[in-house]
Amino acid sequence: MGLTENIFSAFSFIALVTGSVLLIALLLSLIIIIIVLLLLAYSFKTGNFLLPNVMVFSIVFFEGPIKAVLRLFGVDDSRVDKLSINITNRAMWSAFRRTPFARRAIFVPQCLRSVDCPARLSPEGIVCKDCGRCEISVAKNEAEKLGYKFFVVPGSSFIVRMIRKYHPEAIVGVGCLCEVKEGLDLMHKYKIVSIGAVLDRSGCVSTALNWKKLYEIIRADYGSTGRRSGADNAPIEVEKHIPPTF
């Protein structure tokens with residue numbers, strides 16, 4: 001009887017401790033979600049981002065509950081995703097600028113190609129033939145001149161494969177809203193500095209992008225002199241503290 005009582009007491013103690021830990025974790029999660037919702041409300045109203053690193057971490061791990069609460073207030077998921085991308089860009093911008101061009105990679109979707117594109121798929125993605133029928137060849141030459149690895153992406157699994165092969169320290173990802181959001185969340189798990197650029201017009205073909213803003217990102221330098229760290233030292237005009245907003 002004494003042994004049974006001891007076992008029952010031990011289980012009761014374990015259950016009490018476990019329940020207390022779960023309750024504390026639940027309360028902490030609730031507090032974090034409330035704080036993030038307040039920060040998001042401030043961002044929606046003012047366009048400014050407070051504690052961007054905290055917000056990035058919180059949105060990644062509490063995305064479901066945060067979106068569920070915001071839906072009750074009529075906030076569409078896409079609006080939260082767009083804000084999340086801008087917050088991530090802001091949080092990653094300094095680290096991105098400090099990363100040498102030669103340690104960066106850029107991924108653009110194949111839907112930006114011309115419908116008459118002569119390029120074909122290879123193990124390294126769609127290989128641009130510089131035919132001049134779309135802006136991809138210009139962006140590719142600009143990026144590679146600086147030292148980037150440049151890929152035209154046939155699918156999301158390809159990005160992970162190239163990251164594992166080349167181990168870039170920073171990436172620029174171009175795509176539709178949901179693709180960029182998912183890509184930034186994935187890079188957060190891989191602990192890779194990442195900047196997202198959302199297409200102006202999405203779809204399977206003939207999509208559109210603000211190329212000017214993409215070039216601002218590509219050319220963003222990590223030095224303090226405002227000079228390129230790539231193949232040449234020509235000065236570049238680019239805002240060094242605030243990332244372009246997509």
# chains A, B, ... in the order shown; residues from 1 in each chain; ligands from 1
>>> residues_around(residues="Ile35 (chain A)", least_positions_apart="2", cutoff="12 Å", atoms="only C-alpha atoms", output="PyMOL selection string")
chain A and resi 28-33+37-42+50-51+54-55+58-59+62+66
>>> closest_atom_pairs(of="region 102-174 of chain A", to="region 179-196 of chain A", cutoff="9 Å", atoms="only C-alpha atoms", output="Markdown table")
| residue | atom | partner | partner_atom | distance |
| --- | --- | --- | --- | --- |
| A:Ser156 | CA | A:Gly183 | CA | 8.1 |
| A:Pro168 | CA | A:Ile192 | CA | 7.8 |
| A:Glu169 | CA | A:Ile192 | CA | 5.8 |
| A:Ala170 | CA | A:Val193 | CA | 4.5 |
| A:Ile171 | CA | A:Ser194 | CA | 4.9 |
| A:Val172 | CA | A:Ile195 | CA | 4.9 |
| A:Gly173 | CA | A:Gly196 | CA | 4.9 |
| A:Val174 | CA | A:Gly196 | CA | 6.0 |
>>> select_by_dssp(residues="region 83-161 of chain A", states="helix (DSSP H, G or I)", output="MDAnalysis selection string")
chainID A and resid 83:98 101:103 110:112 136:146 156:161
>>> select_by_dssp(residues="region 138-239 of chain A", states="strand (DSSP E or B)", output="NGL selection string")
:A and (149-153 or 170-175 or 193-198 or 201 or 208 or 227 or 235)
>>> atom_distance(atom1="CA of Trp93 (chain A)", atom2="CA of Ile218 (chain A)")
11.7 Å
>>> closest_residue(among="A:Ala197, A:Phe57, A:Val138, A:Val152", to="Cys111 (chain A)", atoms="only C-alpha atoms")
A:Val152
>>> closest_residue(among="A:Ser12, A:Ser157, A:Ser43, A:Thr207", to="Val80 (chain A)", atoms="only C-alpha atoms")
A:Ser43
>>> closest_residue(among="A:Phe73, A:Phe96, A:Phe150, A:Phe158", to="Val108 (chain A)", atoms="only C-alpha atoms")
A:Phe150
>>> closest_residue(among="A:Asp130, A:Glu135, A:Glu63, A:Glu142", to="Ser206 (chain A)", atoms="only C-alpha atoms")
A:Glu135
>>> residues_around(residues="Met162 (chain A)", least_positions_apart="4", cutoff="10 Å", atoms="only C-alpha atoms", output="list of chain:residue names")
A:Ala105, A:Phe107, A:Pro123, A:Glu124, A:Gly125, A:Lys149, A:Phe151, A:Ser157, A:Phe158, A:Tyr166, A:His167, A:Pro168
>>> residues_around(residues="region 112-118 of chain A", least_positions_apart="4", cutoff="10 Å", atoms="only C-alpha atoms", output="PyMOL selection string")
chain A and resi 108+126-137+152+174-175+199+201-209
>>> write_last_selection(atoms="C-alpha atoms", output="JSON list (two decimals), in the first residue's frame")
[["chain", "number", "residue", "atom", "x", "y", "z"],
["A", 108, "VAL", "CA", 14.34, 34.66, -59.95],
["A", 126, "ILE", "CA", 17.11, 27.68, -66.66],
["A", 127, "VAL", "CA", 20.29, 28.80, -68.47],
["A", 128, "CYS", "CA", 19.80, 32.31, -69.88],
["A", 129, "LYS", "CA", 21.03, 32.69, -73.49],
["A", 130, "ASP", "CA", 21.20, 36.51, -73.34],
["A", 131, "CYS", "CA", 18.72, 36.81, -76.18],
["A", 132, "GLY", "CA", 17.55, 40.19, -74.88],
["A", 133, "ARG", "CA", 13.85, 39.35, -75.04],
["A", 134, "CYS", "CA", 13.36, 39.99, -71.32],
["A", 135, "GLU", "CA", 15.07, 41.79, -68.45],
["A", 136, "ILE", "CA", 16.54, 38.60, -66.95],
["A", 137, "SER", "CA", 19.69, 38.74, -69.06],
["A", 152, "VAL", "CA", 16.48, 31.21, -62.91],
["A", 174, "VAL", "CA", 12.04, 36.91, -56.23],
["A", 175, "GLY", "CA", 8.54, 35.50, -56.57],
["A", 199, "LEU", "CA", 6.39, 40.37, -58.23],
["A", 201, "ARG", "CA", 2.08, 40.89, -61.33],
["A", 202, "SER", "CA", 1.94, 37.19, -60.52],
["A", 203, "GLY", "CA", 1.00, 34.23, -62.69],
["A", 204, "CYS", "CA", 2.51, 31.34, -64.60],
["A", 205, "VAL", "CA", 3.82, 33.41, -67.54],
["A", 206, "SER", "CA", 4.50, 37.06, -68.43],
["A", 207, "THR", "CA", 4.78, 38.21, -64.83],
["A", 208, "ALA", "CA", 6.11, 41.66, -63.94],
["A", 209, "LEU", "CA", 8.70, 42.98, -61.47]]
>>> closest_residue(among="A:Cys176, A:Val60, A:Ala220, A:Ile163", to="Lys82 (chain A)", atoms="only C-alpha atoms")
A:Cys176
>>> atom_distance(atom1="CA of Tyr215 (chain A)", atom2="CA of Asn89 (chain A)")
15.0 Å
>>> closest_residue(among="A:Arg103, A:Arg79, A:Arg71, A:Arg219", to="Leu177 (chain A)", atoms="only C-alpha atoms")
A:Arg79
